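Asker: Structure below; questions to follow.
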Amino acid sequence: MYVNKIALFTGVPLMESGTTGLKGQVQPIFPYKTECFACLPKATPKSFPVCTIRSTPSKPIHCITWAKNFLFPQLFGENDEEQHAANQQGVSDDSDNKDEVEALQKEANELLELKRLIQAAASKETNSTDAEFVHKILAKIFKEDIERLLRIETLWTTRAKPTPLQYTKDEYSNLKVSELSDQKPWDKQANLLQFSDSLIRLTNRLSSEPSIEFDKDDEDTLDFIVAAANLRSYVFGIEIKSKFDIKQIAGNIIPAVATTNAIMAGFSAVSSIHMFEGDQAIANSRMVYDSANGLKFVNSTKLDSPAHSCKACSIVRGIAKLPTNLKQVTLAQFRQALLEKYGYSDDIEISTSDSRLLYDYDFEDNLEKPLSQFVGFGDVLLISDSDEVLDHIELYLDGHDNDLAKGDEAKISLPELSIPAFRKKAVVEEEKEEGKQEDNADEQHRDNEDGVIVLDDEEEDEEEDDAIEIIDDDEVDIDKTKSGKY
């Protein structure tokens with residue numbers, strides 16, 4: 001999104017391309033003339049209700065999410081009483097079944113006791129043997145908690161009942177973990193062995209680490225997630241997954257396919273040639289994307305006009321050139337330059353990109369202060385017409401070039417912009433009604449500089465937050481109305 005926004009500020013064409021497994025696309029972007037990167041909807045992480053994760057899982061991803069986002073942080077994460085309280089509140093908000101809420105809250109409180117048991121083992125404050133220590137953890141998570149859920153009959157009127165895990169100490173205490181395949185699902189005994197072994201490894205680490213976070217490349221944490229998720233799957237009669245599969249899901253990994261990468265890279269290189277064809281660049285350029293038709297791998301379509309509801313390209317942007325020493329320019333001088341350049345009928349409002357108000361007709365305290373007190377080069381200012389005659393604009397602040405004539409370095413140089421009439425808020429925000437469009441008065445014209453921005457869009461790991469969210473690849477919809485784009 002940042003590169004897309006810079007392309008809009010500079011008016012320089014952008015080549016966006018990327019792959020997701022067997023899917024891929026190449027999208028030439030001509031700022032304010034064709035769809036920008038933000039015009040097309042993007043796949044969002046799929047979320048699951050807390051009670052589905054903790055009470056009634058039905059898919060492998062539910063068990064994996066439970067192991068990664070609930071069990072692991074509860075046992076090895078930071079001591080966060082506020083987070084524990086938030087989890088309890090989340091359960092209450094997510095279910096109307098009082099018995100279920102009570103059972104889950106009791107389960108969470110008991111996990112805190114297990115965490116203290118782990119911390120005591122890590123600090124050598126207990127005389128429990130490894131087998132006794134692991135047995136208490138296993139019995140609590142996979143037997144006692146399940147038996148408590150089974151007592152809530154209303155949960156199982158339309159669902160298959162889970163079966164508390166049956167095992168003996170000999171299945172995990174008297175045997176050593178042998179080398180297990182990452183590609184094949186482990187049987188129950190292998191998961192028990194791996195759960196016991198990884199639990200002890202992680203507990204030993206807590207003697208020197210205050211807390212441990214899940215990392216897909218950390219074998220200790222990954223082994224624990226795999227074993228815990230699979231044992232829970234056994235309990236609920238859900239398909240068992242291999243370590244390789246669980247690593248992909250828990251780590252939000254999208255497998256790379258070399259053939260797809262090569263094809264889309266080739267189309268990206270070929271498409272970039274059209275960007276240097278002057279007035280015919282847009283007409284000759286095509287968006288390329290994977291095809292749902294089994295007879296051919298890719299499709300192409302002409303470039304569409306910008307979406308009227310796009311939050312990125314529905315706002316006019318430009319680059320303001322300022323003296324290299326921002327202390328030389330006061331906010332009052334900058335405001336006056338804006339009024340003269342763009343012909344505002346009365347007054348304007350100036351604010352920063354983080355919504356901090358610098359000036360409006362009722363707030364003049366900052367006028368005589370230098371810009372350096374509020375912003376620096378690389379920051380963005382939002383300019384609004386107080387009379388709502390002209391639409392909002394955004395200006396990226398940059399310094400003058402070094403080869404200016406003497407005296408020019410102190411000037412304020414504002415970009416040539418064609419500012420449309422003020423548009424209603426509904427136009428700036430995303431359209432709630434699919435397919436609805438409003439008129440856009442003026443096409444935005446930019447003087448393109450020589451050069452092309454080439455962006456290779458790679459999938460990044462989703463940042464974890466308090467919500468339970470994880471991408472479900474099967475839910476990604478690559479079809480777009482009329483063109484099949486995504």
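We label chains A, B, ... in the order they appear in the structure tokens, count residues from 1 in each chain, and number ligands from 1 in the order shown.
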Give me the residues near A:Ile383 as a compact mmCIF listing (two decimals) with N, CA and C atoms, in the first residue's frame, where near means some atom within 9 Å (using only C-alpha atoms) and where sequence neighbours in that chain fewer than 3 positions away do not count.

Answerer:
```
# COMPACT_ATOMS: atom_id res chain seq x y z
N LEU A 338 -0.91 27.91 -0.14
CA LEU A 338 -2.00 27.02 -0.56
C LEU A 338 -3.20 27.82 -1.06
N ILE A 348 -8.94 27.26 4.79
CA ILE A 348 -8.65 25.83 4.69
C ILE A 348 -8.40 25.25 6.08
N GLU A 349 -8.34 23.93 6.14
CA GLU A 349 -7.96 23.21 7.34
C GLU A 349 -6.73 22.38 7.01
N ILE A 350 -5.74 22.42 7.88
CA ILE A 350 -4.49 21.68 7.67
C ILE A 350 -4.32 20.69 8.82
N SER A 351 -4.12 19.42 8.49
CA SER A 351 -3.92 18.41 9.53
C SER A 351 -2.89 17.40 9.05
N THR A 352 -2.34 16.65 9.99
CA THR A 352 -1.33 15.64 9.66
C THR A 352 -2.01 14.32 9.31
N ASP A 391 -12.45 19.55 -3.18
CA ASP A 391 -12.27 18.30 -2.44
C ASP A 391 -10.96 18.32 -1.66
N HIS A 392 -10.78 17.32 -0.78
CA HIS A 392 -9.56 17.19 0.01
C HIS A 392 -8.37 16.87 -0.91
N ILE A 393 -7.18 17.29 -0.49
CA ILE A 393 -5.96 16.89 -1.17
C ILE A 393 -4.93 16.47 -0.12
N GLU A 394 -3.95 15.68 -0.54
CA GLU A 394 -2.85 15.30 0.33
C GLU A 394 -1.54 15.73 -0.30
N LEU A 395 -0.65 16.29 0.49
CA LEU A 395 0.64 16.76 -0.01
C LEU A 395 1.76 16.05 0.74
```

Asker: Determine which residues of stretch 192-408 of chain A receive a DSSP assignment of strand (DSSP E), computed from the backbone, and state them as a PyMOL selection string.

Answerer: chain A and resi 286-290+298-302+316-322+348-352+357-359+380-385+393-399

Asker: From the set A:Val235, A:Asp223, A:Phe297, A:Gln119, which residue has the shortest atom-to-atom contact distance to A:Ile141, counting only C-alpha atoms?

Answerer: A:Val235

Asker: Rank nothing, just name the residue among A:Lys302, A:Lys321, A:Lys369, A:Arg205 nearest to A:Glu416, using only C-alpha atoms.

Answerer: A:Lys321

Asker: Nearest residue to A:Val226 out of A:Ser355, A:Ser211, A:Thr34, A:Ser198, using only C-alpha atoms?

Answerer: A:Ser198

Asker: Report the residues of stretch 170-404 of chain A whose backbone DSSP state falls under alpha helix (DSSP H), written as a PyMOL selection string.

Answerer: chain A and resi 170-173+188-205+219-236+243-250+258-274+281-284+331-342

Asker: Do a neighbour search on A:Lys5 at 12 Å with only C-alpha atoms, toss out local chain neighbours closer than 6 positions, and write the hits as a VMD selection string.

Answerer: chain A and resid 11 to 14 29 31 to 32 36 to 39 310 to 319 380 394 to 396 453

Asker: Output N, CA, C and O atoms for every residue in that selection, as a short mmCIF file (atom, residue, chain, number, x, y, z; two decimals), in the first residue's frame.

Answerer:
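Once everything was written out, this is again11.cif:
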```
data_model
loop_
_atom_site.label_atom_id
_atom_site.label_comp_id
_atom_site.auth_asym_id
_atom_site.auth_seq_id
_atom_site.Cartn_x
_atom_site.Cartn_y
_atom_site.Cartn_z
N GLY A 11 2.99 10.29 -9.48
CA GLY A 11 2.44 10.13 -10.82
C GLY A 11 3.23 9.16 -11.68
O GLY A 11 3.02 9.07 -12.89
N VAL A 12 4.15 8.39 -11.07
CA VAL A 12 4.97 7.44 -11.80
C VAL A 12 4.23 6.10 -11.92
O VAL A 12 3.69 5.60 -10.93
N PRO A 13 4.18 5.49 -13.10
CA PRO A 13 3.50 4.20 -13.26
C PRO A 13 4.08 3.13 -12.34
O PRO A 13 5.27 3.14 -12.02
N LEU A 14 3.24 2.21 -11.95
CA LEU A 14 3.62 1.14 -11.03
C LEU A 14 3.25 -0.21 -11.65
O LEU A 14 2.16 -0.36 -12.20
N ILE A 29 -0.26 -0.23 -13.37
CA ILE A 29 -1.03 0.84 -12.73
C ILE A 29 -0.55 2.19 -13.24
O ILE A 29 0.64 2.51 -13.12
N PRO A 31 -1.26 5.94 -12.41
CA PRO A 31 -1.92 6.69 -11.35
C PRO A 31 -3.02 7.63 -11.86
O PRO A 31 -2.81 8.40 -12.81
N TYR A 32 -4.20 7.50 -11.25
CA TYR A 32 -5.38 8.31 -11.52
C TYR A 32 -5.97 8.09 -12.90
O TYR A 32 -6.93 8.75 -13.29
N CYS A 36 -5.84 1.51 -9.20
CA CYS A 36 -4.61 1.40 -8.43
C CYS A 36 -4.64 0.11 -7.61
O CYS A 36 -5.62 -0.64 -7.65
N PHE A 37 -3.59 -0.14 -6.86
CA PHE A 37 -3.50 -1.38 -6.09
C PHE A 37 -4.63 -1.49 -5.06
O PHE A 37 -5.16 -2.56 -4.80
N ALA A 38 -5.04 -0.34 -4.50
CA ALA A 38 -6.07 -0.35 -3.46
C ALA A 38 -7.48 -0.46 -4.03
O ALA A 38 -8.43 -0.68 -3.28
N CYS A 39 -7.64 -0.29 -5.34
CA CYS A 39 -8.98 -0.36 -5.94
C CYS A 39 -9.56 -1.77 -5.88
O CYS A 39 -10.78 -1.94 -5.86
N CYS A 310 -12.54 4.15 -4.09
CA CYS A 310 -11.21 3.78 -3.60
C CYS A 310 -10.69 4.86 -2.64
O CYS A 310 -10.66 6.05 -2.98
N LYS A 311 -10.24 4.42 -1.46
CA LYS A 311 -9.76 5.37 -0.47
C LYS A 311 -8.38 5.93 -0.82
O LYS A 311 -7.95 6.92 -0.23
N ALA A 312 -7.69 5.29 -1.76
CA ALA A 312 -6.34 5.74 -2.12
C ALA A 312 -6.38 6.74 -3.28
O ALA A 312 -5.92 7.87 -3.16
N CYS A 313 -6.95 6.33 -4.41
CA CYS A 313 -6.87 7.20 -5.59
C CYS A 313 -8.09 8.10 -5.77
O CYS A 313 -8.19 8.81 -6.78
N SER A 314 -9.04 8.10 -4.84
CA SER A 314 -10.13 9.07 -4.93
C SER A 314 -9.71 10.41 -4.33
O SER A 314 -10.44 11.40 -4.42
N ILE A 315 -8.52 10.44 -3.72
CA ILE A 315 -7.98 11.67 -3.16
C ILE A 315 -6.83 12.17 -4.04
O ILE A 315 -5.93 11.41 -4.38
N VAL A 316 -6.86 13.45 -4.40
CA VAL A 316 -5.80 14.04 -5.22
C VAL A 316 -4.55 14.23 -4.36
O VAL A 316 -4.62 14.72 -3.23
N ARG A 317 -3.41 13.81 -4.92
CA ARG A 317 -2.15 13.89 -4.18
C ARG A 317 -1.07 14.57 -5.01
O ARG A 317 -1.12 14.55 -6.25
N GLY A 318 -0.11 15.12 -4.32
CA GLY A 318 1.02 15.74 -5.00
C GLY A 318 2.17 15.93 -4.03
O GLY A 318 2.05 15.67 -2.83
N ILE A 319 3.31 16.40 -4.56
CA ILE A 319 4.51 16.61 -3.74
C ILE A 319 4.78 18.10 -3.61
O ILE A 319 4.89 18.82 -4.60
N VAL A 380 3.06 13.59 5.47
CA VAL A 380 1.95 13.94 4.59
C VAL A 380 1.00 14.87 5.33
O VAL A 380 0.68 14.64 6.50
N GLU A 394 -3.95 15.68 -0.54
CA GLU A 394 -2.85 15.30 0.33
C GLU A 394 -1.54 15.73 -0.30
O GLU A 394 -1.35 15.53 -1.51
N LEU A 395 -0.65 16.29 0.49
CA LEU A 395 0.64 16.76 -0.01
C LEU A 395 1.76 16.05 0.74
O LEU A 395 1.80 16.05 1.98
N TYR A 396 2.65 15.45 -0.02
CA TYR A 396 3.85 14.80 0.51
C TYR A 396 4.96 15.86 0.57
O TYR A 396 5.24 16.54 -0.42
N ILE A 453 8.05 2.29 -11.55
CA ILE A 453 8.21 1.58 -10.28
C ILE A 453 7.78 0.15 -10.50
O ILE A 453 6.68 -0.09 -10.99
#
```

Asker: Could you tell me how far atom CA of A:Glu110 lies from atom CA of A:Val50, in Å and to one decimal?

Answerer: 17.8 Å

Asker: So how many Å separate atom CA of A:Pro210 and atom CA of A:Leu112, to one decimal?

Answerer: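 Going from atom CA of A:Pro210 over to atom CA of A:Leu112, I get 15.6 Å.
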
Asker: Just want the 6 Å neighbourhood of stretch 162-170 of chain A, counted on only C-alpha atoms, with same-chain residues fewer than 4 positions away dropped. Output as an MDAnalysis selection string.

Answerer: chainID A and resid 142:143 146 174 235:236

Asker: Which residues are near A:Ala160? Cut-off 12 Å, only C-alpha atoms, ignore same chain within fewer than 4 positions. Put them as a PyMOL selection string.

Answerer: chain A and resi 56-58+150+153-156+235-238

Asker: I need the residue nearest A:Asn191 from this list: A:Tyr234, A:Phe214, A:Phe76, A:Phe70. Use only C-alpha atoms for the distance.

Answerer: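 Once distances to A:Asn191 are computed over only C-alpha atoms, the minimum belongs to A:Tyr234.
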
Asker: Taking only C-alpha atoms into account, name the residue in A:Lys296, A:Ser242, A:His135, A:Cys51 that is nearest to A:Ala190.

Answerer: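 Ranking A:Lys296, A:Ser242, A:His135, A:Cys51 by distance to A:Ala190, first place goes to A:Ser242.
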
Asker: Give me, please, the distance in Å between atom CA of A:Pro420 and atom CA of A:Leu390, quoted to one decimal.

Answerer: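 Atom CA of A:Leu390 lies 6.1 Å from atom CA of A:Pro420.
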